[in-house]
Amino acid sequence: MKNRLQSARRYLSYSLVALALAASPFRASAQTPDAAWTALQQSYYPGKKLEPAPFVRLTAPARAASGEQVPFAFSIDHPMTAARYIRSVTVFVDKNPVPLTAVFHFNPQSGKAEIATRIRFESDSQVHVVAEASDGRLYVNETAVKASGGCGGPATGDAAAAIAAAGKMKIALDGPFKRGEVNKARLLIKHPMYTGLQRDLNTHGFRPAFFIDKIDVTFNGKPVMTADTQIGISEDPSIGFSFVADGPGALQVSIRDNAGGSFRQSLSVGG
C-alpha cells in the first residue's frame with residue numbers, strides 16, 4: 001500500500017496541470033457554450049466536418065442532484081459489420097476543467113456502439129458526443145445537464161484506504177447469455193478517481209490526481225471495447241457495454257490507472 005501511495009503522489013504534477021487549465025483563459029466555463037464547443041472542435045477536429053446525427057442517442061438527466069455522479073449513456077444506431085462500423089466515440093463535457101471525459105473504441109465484435117456510465121460535472125454544461133465511423137465520417141450530438149461540484153468538490157474518506165482498495169472489479173451479464181447475438185454486460189470498478197482538483201478536508205491540500213486511464217475488454221481473446229478515460233469519469237466507475245458471442249467463452253477485463261496499477265478480472269459466460 002505504501003508503494004501505491006508513493007506512486008499516486010508522483011502524479012501531483014497532473015494535478016497542477018489540471019489546476020492551470022482551470023485557471024487559464026481557455027477554460028471552457030469562462031466562455032459561452034457555443035464558444036466553448038467551437039474551441040474544442042478547433043483543438044480536437046481541426047478542419048474536420050462534424051455531421052449532426054440524431055441516431056447518436058444520448059441519455060442524461062436535465063438536472064442532476066450532484067455533479068459527482070451523473071448517469072450518462074449513448075447508443076448509436078449504426079451498422080457494426082466488417083464493412084461499416086463505429087470505430088470510436090468521444091465524450092466531452094464542455095465546461096469541465098478537463099472537457100475530454102473519455103474515448104471509447106469499438107469494432108464489429110462490440111455488436112453495438114453503446115455505453116452506460118456515470119460522469120462528473122463541475123458546472124452546468126453541454127455534453128457533446130462525437131462518433132467516428134470506419135469510413136472516417138464524424139457524427140455529433142449533444143445534450144445539456146444542470147449539475148455542479150463534481151470535479152473540484154471536497155474529497156472525503158480515507159485516501160490511503162481508497163488507494164489500497166482500488167482495482168477491485170465485478171462483471172455480470174445483463175440478462176441470459178445469447179449465442180450469436182448482442183449481449184449486454186456491466187463492469188463495476190472500485191476506484192476513487194481523484195481529479196487532482198479536490199481538497200482533502202483533513203489536510204486542506206489537494207489530493208493528487210489518481211484515476212483509471214485505460215480499460216480493455218475482450219471475449220475469447222478478441223477485442224470488444226477499449227476505453228481511454230480521464231478525470232471526468234465518476235468515482236467507482238460503472239460501465240455498461242455490449243459484445244457479440246458466437247458461443248461460450250471468457251469475458252476478460254484489464255484496467256490500468258495513472259499510478260501504474262494494473263488489474264484483471266474475467267467472467268465465464270454461456271457455459
# chains A, B, ... in the order shown; residues from 1 in each chain; ligands from 1
$ residues_around --residues "Gly221 of chain A" --least-positions-apart "2" --cutoff "10 Å" --atoms "only C-alpha atoms" --output "tab-separated table (two decimals) with all heavy atoms, in the first residue's frame"
chain	number	residue	atom	x	y	z
A	217	VAL	N	-11.46	-4.62	-22.79
A	217	VAL	CA	-12.37	-5.76	-22.65
A	217	VAL	C	-12.24	-6.66	-23.87
A	217	VAL	O	-12.28	-6.18	-25.01
A	217	VAL	CB	-13.84	-5.29	-22.52
A	217	VAL	CG1	-14.77	-6.48	-22.29
A	217	VAL	CG2	-13.99	-4.28	-21.38
A	218	THR	N	-12.07	-7.95	-23.63
A	218	THR	CA	-12.01	-8.93	-24.72
A	218	THR	C	-12.97	-10.08	-24.43
A	218	THR	O	-13.33	-10.33	-23.28
A	218	THR	CB	-10.58	-9.51	-24.88
A	218	THR	OG1	-10.22	-10.22	-23.68
A	218	THR	CG2	-9.57	-8.41	-25.14
A	219	PHE	N	-13.36	-10.77	-25.50
A	219	PHE	CA	-14.14	-12.01	-25.36
A	219	PHE	C	-13.42	-13.08	-26.16
A	219	PHE	O	-13.22	-12.94	-27.37
A	219	PHE	CB	-15.57	-11.84	-25.88
A	219	PHE	CG	-16.40	-13.09	-25.69
A	219	PHE	CD1	-16.80	-13.49	-24.43
A	219	PHE	CD2	-16.74	-13.88	-26.78
A	219	PHE	CE1	-17.54	-14.65	-24.25
A	219	PHE	CE2	-17.48	-15.04	-26.62
A	219	PHE	CZ	-17.89	-15.43	-25.35
A	223	PRO	N	-10.78	-8.33	-29.10
A	223	PRO	CA	-11.19	-7.05	-28.51
A	223	PRO	C	-12.68	-6.79	-28.67
A	223	PRO	O	-13.25	-7.01	-29.73
A	223	PRO	CB	-10.37	-6.03	-29.30
A	223	PRO	CG	-9.21	-6.79	-29.85
A	223	PRO	CD	-9.74	-8.17	-30.14
A	224	VAL	N	-13.29	-6.31	-27.62
A	224	VAL	CA	-14.70	-5.95	-27.60
A	224	VAL	C	-14.87	-4.44	-27.46
A	224	VAL	O	-15.60	-3.80	-28.20
A	224	VAL	CB	-15.43	-6.67	-26.45
A	224	VAL	CG1	-16.82	-6.07	-26.24
A	224	VAL	CG2	-15.52	-8.16	-26.72
A	249	GLY	N	-17.62	-18.69	-23.65
A	249	GLY	CA	-16.23	-18.24	-23.57
A	249	GLY	C	-15.97	-17.39	-22.36
A	249	GLY	O	-16.77	-17.34	-21.42
A	250	ALA	N	-14.84	-16.68	-22.41
A	250	ALA	CA	-14.40	-15.86	-21.28
A	250	ALA	C	-14.43	-14.39	-21.65
A	250	ALA	O	-13.83	-13.98	-22.65
A	250	ALA	CB	-12.99	-16.27	-20.85
A	251	LEU	N	-15.14	-13.63	-20.84
A	251	LEU	CA	-15.14	-12.17	-20.95
A	251	LEU	C	-14.05	-11.67	-20.00
A	251	LEU	O	-14.13	-11.90	-18.78
A	251	LEU	CB	-16.50	-11.62	-20.57
A	251	LEU	CG	-16.80	-10.16	-20.85
A	251	LEU	CD1	-16.75	-9.86	-22.35
A	251	LEU	CD2	-18.17	-9.79	-20.28
A	252	GLN	N	-13.04	-11.02	-20.54
A	252	GLN	CA	-11.89	-10.61	-19.74
A	252	GLN	C	-11.73	-9.09	-19.75
A	252	GLN	O	-11.89	-8.46	-20.80
A	252	GLN	CB	-10.61	-11.26	-20.26
A	252	GLN	CG	-10.64	-12.78	-20.17
A	252	GLN	CD	-9.38	-13.43	-20.71
A	252	GLN	OE1	-8.87	-13.03	-21.75
A	252	GLN	NE2	-8.87	-14.42	-19.99
$ residues_around --residues "Lys49 of chain A" --least-positions-apart "5" --cutoff "9 Å" --atoms "only C-alpha atoms" --output "list in words"
Arg137, Leu138 and Tyr139 of chain A
$ residues_around --residues "segment 109-112 of chain A" --least-positions-apart "3" --cutoff "9 Å" --atoms "only C-alpha atoms" --output "PDB file with C-alpha atoms, in the first residue's frame"
ATOM      1  CA  SER A  75     -26.341   4.296 -28.024  1.00  0.00           C
ATOM      2  CA  ILE A  76     -25.617   4.630 -31.734  1.00  0.00           C
ATOM      3  CA  ASP A  77     -27.967   3.227 -34.380  1.00  0.00           C
ATOM      4  CA  HIS A  78     -25.326   2.390 -36.969  1.00  0.00           C
ATOM      5  CA  PRO A  79     -24.238  -0.882 -38.622  1.00  0.00           C
ATOM      6  CA  MET A  80     -21.494  -2.809 -36.826  1.00  0.00           C
ATOM      7  CA  THR A  81     -20.248  -5.024 -39.661  1.00  0.00           C
ATOM      8  CA  TYR A  85     -18.926   0.189 -38.091  1.00  0.00           C
ATOM      9  CA  ILE A  86     -18.410   2.850 -35.434  1.00  0.00           C
ATOM     10  CA  PHE A 106     -15.366  -0.282 -30.790  1.00  0.00           C
ATOM     11  CA  GLU A 181     -26.477 -12.200 -30.643  1.00  0.00           C
ATOM     12  CA  VAL A 182     -25.579  -8.977 -28.895  1.00  0.00           C
ATOM     13  CA  ASN A 183     -25.124  -9.459 -25.152  1.00  0.00           C
ATOM     14  CA  PHE A 219     -14.138 -12.006 -25.362  1.00  0.00           C
ATOM     15  CA  LYS A 222     -10.865 -10.774 -29.306  1.00  0.00           C
ATOM     16  CA  PRO A 223     -11.185  -7.049 -28.514  1.00  0.00           C
ATOM     17  CA  VAL A 224     -14.701  -5.946 -27.604  1.00  0.00           C
ATOM     18  CA  MET A 225     -14.249  -2.440 -26.212  1.00  0.00           C
ATOM     19  CA  PHE A 241     -21.272  -2.265 -22.722  1.00  0.00           C
ATOM     20  CA  SER A 242     -22.220  -4.807 -25.396  1.00  0.00           C
ATOM     21  CA  PHE A 243     -20.471  -7.679 -27.161  1.00  0.00           C
ATOM     22  CA  VAL A 244     -21.230 -10.410 -29.674  1.00  0.00           C
ATOM     23  CA  ALA A 245     -20.604 -14.022 -28.655  1.00  0.00           C
TER      24      ALA A 245
END
$ closest_residue --among "A:Thr117, A:Ser262, A:Ser238, A:Asn141" --to "Lys190 of chain A" --atoms "only C-alpha atoms"
A:Ser238
$ atom_distance --atom1 "atom CA of Arg264 of chain A" --atom2 "atom CA of Met169 of chain A"
8.0 Å
$ select_by_dssp --residues "segment 79-205 of chain A" --states "strand (DSSP E or B)" --output "compact mmCIF listing (two decimals) with N, CA, C and O atoms, in the first residue's frame"
# COMPACT_ATOMS: atom_id res chain seq x y z
N ILE A 86 -18.87 1.70 -36.21
CA ILE A 86 -18.41 2.85 -35.43
C ILE A 86 -17.09 2.47 -34.79
O ILE A 86 -17.01 1.49 -34.04
N ARG A 87 -16.07 3.28 -35.08
CA ARG A 87 -14.72 2.96 -34.62
C ARG A 87 -14.43 3.54 -33.23
O ARG A 87 -13.76 2.92 -32.41
N SER A 88 -14.91 4.75 -32.98
CA SER A 88 -14.66 5.37 -31.68
C SER A 88 -15.76 6.37 -31.36
O SER A 88 -16.43 6.90 -32.25
N VAL A 89 -15.93 6.62 -30.07
CA VAL A 89 -16.89 7.61 -29.58
C VAL A 89 -16.20 8.42 -28.50
O VAL A 89 -15.70 7.86 -27.51
N THR A 90 -16.18 9.74 -28.67
CA THR A 90 -15.52 10.63 -27.73
C THR A 90 -16.57 11.47 -27.01
O THR A 90 -17.47 12.03 -27.63
N VAL A 91 -16.44 11.54 -25.69
CA VAL A 91 -17.39 12.27 -24.85
C VAL A 91 -16.70 13.50 -24.27
O VAL A 91 -15.64 13.40 -23.63
N PHE A 92 -17.30 14.68 -24.50
CA PHE A 92 -16.81 15.94 -23.96
C PHE A 92 -17.88 16.53 -23.04
O PHE A 92 -19.04 16.62 -23.43
N VAL A 93 -17.48 16.96 -21.85
CA VAL A 93 -18.32 17.83 -21.03
C VAL A 93 -17.70 19.22 -21.17
O VAL A 93 -16.66 19.53 -20.60
N LEU A 100 -12.39 16.75 -22.03
CA LEU A 100 -12.35 15.39 -22.58
C LEU A 100 -12.57 14.40 -21.45
O LEU A 100 -11.77 14.28 -20.53
N THR A 101 -13.68 13.68 -21.51
CA THR A 101 -14.06 12.75 -20.45
C THR A 101 -13.61 11.33 -20.74
O THR A 101 -13.08 10.66 -19.87
N ALA A 102 -13.81 10.87 -21.97
CA ALA A 102 -13.40 9.51 -22.32
C ALA A 102 -13.48 9.33 -23.83
O ALA A 102 -14.26 10.01 -24.51
N VAL A 103 -12.69 8.39 -24.32
CA VAL A 103 -12.78 7.94 -25.71
C VAL A 103 -12.99 6.43 -25.66
O VAL A 103 -12.17 5.70 -25.09
N PHE A 104 -14.09 5.97 -26.25
CA PHE A 104 -14.42 4.55 -26.29
C PHE A 104 -14.17 4.02 -27.69
O PHE A 104 -14.61 4.63 -28.67
N HIS A 105 -13.49 2.89 -27.79
CA HIS A 105 -13.14 2.29 -29.08
C HIS A 105 -13.93 1.00 -29.28
O HIS A 105 -14.00 0.16 -28.37
N GLU A 114 -22.33 1.34 -27.78
CA GLU A 114 -23.14 1.90 -26.71
C GLU A 114 -22.43 1.72 -25.38
O GLU A 114 -21.73 0.74 -25.15
N ILE A 115 -22.62 2.71 -24.52
CA ILE A 115 -22.02 2.71 -23.19
C ILE A 115 -23.01 3.38 -22.24
O ILE A 115 -23.65 4.38 -22.57
N ALA A 116 -23.11 2.83 -21.03
CA ALA A 116 -23.86 3.47 -19.95
C ALA A 116 -22.91 3.60 -18.76
O ALA A 116 -22.32 2.62 -18.32
N THR A 117 -22.76 4.82 -18.25
CA THR A 117 -21.79 5.05 -17.19
C THR A 117 -22.26 6.21 -16.31
O THR A 117 -23.43 6.62 -16.36
N ARG A 118 -21.34 6.75 -15.49
CA ARG A 118 -21.61 7.93 -14.68
C ARG A 118 -20.44 8.90 -14.86
O ARG A 118 -19.28 8.48 -14.81
N ILE A 119 -20.75 10.18 -15.04
CA ILE A 119 -19.70 11.16 -15.29
C ILE A 119 -19.85 12.36 -14.36
O ILE A 119 -20.87 12.51 -13.68
N SER A 125 -23.54 22.30 -18.06
CA SER A 125 -22.75 22.19 -19.29
C SER A 125 -23.48 21.41 -20.37
O SER A 125 -24.33 20.56 -20.09
N GLN A 126 -23.12 21.71 -21.60
CA GLN A 126 -23.46 20.86 -22.72
C GLN A 126 -22.52 19.65 -22.71
O GLN A 126 -21.36 19.76 -22.30
N VAL A 127 -23.03 18.53 -23.16
CA VAL A 127 -22.21 17.35 -23.40
C VAL A 127 -22.26 17.08 -24.90
O VAL A 127 -23.35 17.00 -25.49
N HIS A 128 -21.09 16.98 -25.52
CA HIS A 128 -21.01 16.64 -26.94
C HIS A 128 -20.41 15.25 -27.10
O HIS A 128 -19.42 14.92 -26.43
N VAL A 129 -21.03 14.47 -27.94
CA VAL A 129 -20.55 13.11 -28.23
C VAL A 129 -20.24 13.03 -29.71
O VAL A 129 -21.11 13.32 -30.55
N VAL A 130 -19.01 12.66 -30.04
CA VAL A 130 -18.56 12.58 -31.42
C VAL A 130 -18.24 11.13 -31.75
O VAL A 130 -17.40 10.50 -31.10
N ALA A 131 -18.93 10.59 -32.74
CA ALA A 131 -18.72 9.22 -33.18
C ALA A 131 -17.96 9.21 -34.50
O ALA A 131 -18.36 9.90 -35.45
N GLU A 132 -16.89 8.45 -34.57
CA GLU A 132 -16.11 8.30 -35.80
C GLU A 132 -16.41 6.94 -36.42
O GLU A 132 -16.23 5.90 -35.76
N ALA A 133 -16.87 6.93 -37.66
CA ALA A 133 -17.16 5.69 -38.36
C ALA A 133 -15.91 5.15 -39.05
O ALA A 133 -14.91 5.86 -39.21
N LEU A 138 -17.52 11.74 -39.33
CA LEU A 138 -17.67 12.12 -37.93
C LEU A 138 -19.10 12.60 -37.69
O LEU A 138 -19.61 13.47 -38.40
N TYR A 139 -19.74 12.03 -36.68
CA TYR A 139 -21.12 12.36 -36.34
C TYR A 139 -21.15 12.93 -34.93
O TYR A 139 -20.41 12.48 -34.04
N VAL A 140 -22.04 13.90 -34.68
CA VAL A 140 -22.09 14.55 -33.38
C VAL A 140 -23.52 14.74 -32.92
O VAL A 140 -24.43 14.97 -33.72
N ASN A 141 -23.70 14.63 -31.61
CA ASN A 141 -24.96 15.01 -30.99
C ASN A 141 -24.64 15.62 -29.63
O ASN A 141 -23.51 15.48 -29.13
N GLU A 142 -25.61 16.31 -29.04
CA GLU A 142 -25.35 17.00 -27.78
C GLU A 142 -26.57 16.99 -26.90
O GLU A 142 -27.71 16.80 -27.35
N THR A 143 -26.33 17.19 -25.60
CA THR A 143 -27.41 17.35 -24.64
C THR A 143 -26.90 18.28 -23.54
O THR A 143 -25.69 18.50 -23.42
N ALA A 144 -27.82 18.82 -22.76
CA ALA A 144 -27.45 19.74 -21.69
C ALA A 144 -27.81 19.14 -20.34
O ALA A 144 -28.85 18.49 -20.19
N VAL A 145 -26.94 19.36 -19.35
CA VAL A 145 -27.17 18.87 -18.00
C VAL A 145 -26.88 19.99 -17.01
O VAL A 145 -25.85 20.66 -17.11
N LYS A 146 -27.78 20.18 -16.05
CA LYS A 146 -27.54 21.11 -14.96
C LYS A 146 -27.03 20.33 -13.76
O LYS A 146 -27.73 19.46 -13.22
N ALA A 155 -12.84 16.22 -1.07
CA ALA A 155 -12.64 14.78 -1.07
C ALA A 155 -12.81 14.26 0.35
O ALA A 155 -12.12 14.71 1.26
N MET A 169 -12.86 -5.48 -9.04
CA MET A 169 -13.84 -5.43 -10.12
C MET A 169 -14.90 -6.52 -9.99
O MET A 169 -14.64 -7.58 -9.42
N LYS A 170 -16.06 -6.23 -10.55
CA LYS A 170 -17.12 -7.21 -10.72
C LYS A 170 -17.65 -7.10 -12.15
O LYS A 170 -17.81 -5.99 -12.67
N ILE A 171 -17.91 -8.23 -12.78
CA ILE A 171 -18.50 -8.25 -14.13
C ILE A 171 -19.74 -9.13 -14.08
O ILE A 171 -19.72 -10.21 -13.46
N ALA A 172 -20.79 -8.71 -14.75
CA ALA A 172 -22.01 -9.51 -14.80
C ALA A 172 -22.72 -9.26 -16.12
O ALA A 172 -22.65 -8.16 -16.68
N LEU A 173 -23.40 -10.31 -16.61
CA LEU A 173 -24.24 -10.15 -17.79
C LEU A 173 -25.56 -9.51 -17.39
O LEU A 173 -26.09 -9.77 -16.31
N GLU A 181 -25.78 -13.47 -30.70
CA GLU A 181 -26.48 -12.20 -30.64
C GLU A 181 -25.69 -11.20 -29.80
O GLU A 181 -24.64 -11.54 -29.23
N VAL A 182 -26.22 -10.00 -29.72
CA VAL A 182 -25.58 -8.98 -28.89
C VAL A 182 -25.95 -9.20 -27.43
O VAL A 182 -27.13 -9.28 -27.09
N ASN A 183 -24.94 -9.33 -26.59
CA ASN A 183 -25.12 -9.46 -25.15
C ASN A 183 -24.73 -8.15 -24.48
O ASN A 183 -23.86 -7.43 -24.96
N LYS A 184 -25.36 -7.88 -23.36
CA LYS A 184 -25.02 -6.70 -22.58
C LYS A 184 -24.37 -7.13 -21.28
O LYS A 184 -24.76 -8.13 -20.67
N ALA A 185 -23.36 -6.37 -20.86
CA ALA A 185 -22.65 -6.67 -19.62
C ALA A 185 -22.43 -5.38 -18.85
O ALA A 185 -22.48 -4.28 -19.39
N ARG A 186 -22.15 -5.54 -17.56
CA ARG A 186 -21.91 -4.41 -16.68
C ARG A 186 -20.61 -4.64 -15.91
O ARG A 186 -20.40 -5.70 -15.33
N LEU A 187 -19.74 -3.65 -15.93
CA LEU A 187 -18.47 -3.70 -15.22
C LEU A 187 -18.50 -2.67 -14.09
O LEU A 187 -18.80 -1.51 -14.32
N LEU A 188 -18.19 -3.12 -12.88
CA LEU A 188 -18.10 -2.25 -11.73
C LEU A 188 -16.66 -2.27 -11.23
O LEU A 188 -16.08 -3.34 -11.02
N ILE A 189 -16.07 -1.09 -11.03
CA ILE A 189 -14.68 -0.97 -10.61
C ILE A 189 -14.60 -0.12 -9.35
O ILE A 189 -15.15 0.97 -9.30
N TYR A 194 -9.69 10.20 -8.20
CA TYR A 194 -9.41 11.57 -7.76
C TYR A 194 -9.05 12.45 -8.95
O TYR A 194 -8.24 12.07 -9.80
N ARG A 199 -10.01 19.15 -2.64
CA ARG A 199 -9.29 19.43 -1.41
C ARG A 199 -9.59 18.36 -0.36
O ARG A 199 -10.74 17.98 -0.16
N ASP A 200 -8.53 17.90 0.29
CA ASP A 200 -8.66 16.96 1.40
C ASP A 200 -9.15 17.74 2.61
O ASP A 200 -8.54 18.73 3.02
$ closest_residue --among "A:Ser234, A:Gly167, A:Gly240, A:Asp94" --to "Ala259 of chain A" --atoms "only C-alpha atoms"
A:Gly167
$ residues_around --residues "Gln198 of chain A" --least-positions-apart "3" --cutoff "10 Å" --atoms "only C-alpha atoms" --output "short mmCIF file (atom, residue, chain, number, x, y, z; two decimals) with N, CA, C and O atoms, in the first residue's frame"
data_model
loop_
_atom_site.label_atom_id
_atom_site.label_comp_id
_atom_site.auth_asym_id
_atom_site.auth_seq_id
_atom_site.Cartn_x
_atom_site.Cartn_y
_atom_site.Cartn_z
N SER A 15 -2.06 17.04 -11.28
CA SER A 15 -2.98 17.92 -10.56
C SER A 15 -2.69 19.37 -10.86
O SER A 15 -3.59 20.19 -11.06
N GLY A 149 -20.18 20.94 -9.02
CA GLY A 149 -19.32 20.48 -7.94
C GLY A 149 -18.70 19.12 -8.11
O GLY A 149 -18.10 18.59 -7.17
N GLY A 150 -18.77 18.55 -9.29
CA GLY A 150 -18.32 17.17 -9.46
C GLY A 150 -16.83 16.98 -9.59
O GLY A 150 -16.32 15.89 -9.32
N CYS A 151 -16.11 18.01 -10.02
CA CYS A 151 -14.66 17.86 -10.25
C CYS A 151 -13.83 18.44 -9.11
O CYS A 151 -12.77 17.90 -8.78
N GLY A 152 -14.30 19.53 -8.52
CA GLY A 152 -13.49 20.22 -7.53
C GLY A 152 -14.07 20.24 -6.14
O GLY A 152 -13.61 20.99 -5.29
N GLY A 153 -15.08 19.43 -5.89
CA GLY A 153 -15.66 19.39 -4.55
C GLY A 153 -14.71 18.76 -3.55
O GLY A 153 -13.69 18.17 -3.93
N PRO A 154 -14.99 18.85 -2.26
CA PRO A 154 -14.10 18.28 -1.25
C PRO A 154 -14.03 16.77 -1.35
O PRO A 154 -15.01 16.10 -1.69
N ALA A 155 -12.84 16.22 -1.07
CA ALA A 155 -12.64 14.78 -1.07
C ALA A 155 -12.81 14.26 0.35
O ALA A 155 -12.12 14.71 1.26
N THR A 156 -13.71 13.34 0.52
CA THR A 156 -13.97 12.79 1.85
C THR A 156 -13.43 11.37 1.93
O THR A 156 -13.02 10.78 0.92
N TYR A 194 -9.69 10.20 -8.20
CA TYR A 194 -9.41 11.57 -7.76
C TYR A 194 -9.05 12.45 -8.95
O TYR A 194 -8.24 12.07 -9.80
N THR A 195 -9.60 13.65 -8.95
CA THR A 195 -9.43 14.54 -10.10
C THR A 195 -8.17 15.40 -10.02
O THR A 195 -7.74 15.95 -11.03
N LEU A 201 -10.25 17.30 3.20
CA LEU A 201 -10.84 18.03 4.33
C LEU A 201 -9.97 17.98 5.57
O LEU A 201 -10.11 18.82 6.46
N HIS A 204 -6.36 19.94 4.02
CA HIS A 204 -6.69 21.17 3.30
C HIS A 204 -5.84 21.37 2.04
O HIS A 204 -5.90 22.43 1.42
N GLY A 205 -5.07 20.36 1.68
CA GLY A 205 -4.35 20.39 0.41
C GLY A 205 -5.13 19.65 -0.65
O GLY A 205 -6.18 19.06 -0.38
N PHE A 206 -4.62 19.66 -1.87
CA PHE A 206 -5.27 18.94 -2.96
C PHE A 206 -4.82 17.48 -2.97
O PHE A 206 -3.62 17.20 -2.84
N ARG A 207 -5.78 16.58 -3.09
CA ARG A 207 -5.40 15.18 -3.26
C ARG A 207 -4.87 14.99 -4.68
O ARG A 207 -5.49 15.43 -5.65
N PRO A 208 -3.73 14.33 -4.83
CA PRO A 208 -3.16 14.13 -6.17
C PRO A 208 -4.13 13.38 -7.09
O PRO A 208 -4.89 12.51 -6.64
N ALA A 209 -4.11 13.72 -8.35
CA ALA A 209 -4.94 13.02 -9.32
C ALA A 209 -4.58 11.54 -9.33
O ALA A 209 -3.41 11.17 -9.39
#
$ closest_residue --among "A:Gly175, A:Met193, A:Gly271, A:Gly136" --to "Asp257 of chain A" --atoms "only C-alpha atoms"
A:Met193
$ select_by_dssp --residues "segment 46-256 of chain A" --states "helix (DSSP H, G or I)" --output "short mmCIF file (atom, residue, chain, number, x, y, z; two decimals) with N, CA, C and O atoms, in the first residue's frame"
data_model
loop_
_atom_site.label_atom_id
_atom_site.label_comp_id
_atom_site.auth_asym_id
_atom_site.auth_seq_id
_atom_site.Cartn_x
_atom_site.Cartn_y
_atom_site.Cartn_z
N PRO A 108 -16.59 -4.50 -34.89
CA PRO A 108 -17.78 -5.32 -35.13
C PRO A 108 -18.09 -6.31 -34.01
O PRO A 108 -19.25 -6.64 -33.77
N GLN A 109 -17.06 -6.78 -33.29
CA GLN A 109 -17.27 -7.70 -32.17
C GLN A 109 -18.03 -7.03 -31.03
O GLN A 109 -18.61 -7.71 -30.18
N SER A 110 -18.08 -5.70 -31.03
CA SER A 110 -18.81 -4.97 -29.98
C SER A 110 -20.32 -5.17 -30.11
O SER A 110 -21.05 -4.99 -29.13
N ALA A 159 -8.00 8.49 2.26
CA ALA A 159 -7.32 8.36 0.97
C ALA A 159 -6.49 7.09 0.90
O ALA A 159 -6.47 6.40 -0.13
N ALA A 160 -5.79 6.75 1.98
CA ALA A 160 -4.94 5.55 1.99
C ALA A 160 -5.79 4.30 1.78
O ALA A 160 -5.41 3.40 1.01
N ALA A 161 -6.94 4.23 2.43
CA ALA A 161 -7.82 3.07 2.28
C ALA A 161 -8.38 2.99 0.88
O ALA A 161 -8.50 1.90 0.30
N ALA A 162 -8.73 4.15 0.31
CA ALA A 162 -9.28 4.17 -1.05
C ALA A 162 -8.26 3.70 -2.07
O ALA A 162 -8.58 2.94 -2.99
N ILE A 163 -7.01 4.12 -1.89
CA ILE A 163 -5.95 3.71 -2.81
C ILE A 163 -5.66 2.22 -2.66
O ILE A 163 -5.45 1.51 -3.66
N ALA A 164 -5.68 1.73 -1.42
CA ALA A 164 -5.40 0.31 -1.18
C ALA A 164 -6.47 -0.59 -1.80
O ALA A 164 -6.17 -1.70 -2.27
N ALA A 165 -7.73 -0.12 -1.81
CA ALA A 165 -8.84 -0.93 -2.33
C ALA A 165 -9.02 -0.79 -3.83
O ALA A 165 -9.79 -1.54 -4.44
#
$ atom_distance --atom1 "atom CA of Asp158 of chain A" --atom2 "atom CA of Thr203 of chain A"
11.5 Å
$ closest_residue --among "A:Val253, A:Ala39, A:Leu197, A:Ala73" --to "Ala113 of chain A" --atoms "only C-alpha atoms"
A:Ala73
$ closest_residue --among "A:Ile255, A:Ile239, A:Ala147, A:Leu267" --to "Ala60 of chain A" --atoms "only C-alpha atoms"
A:Ala147
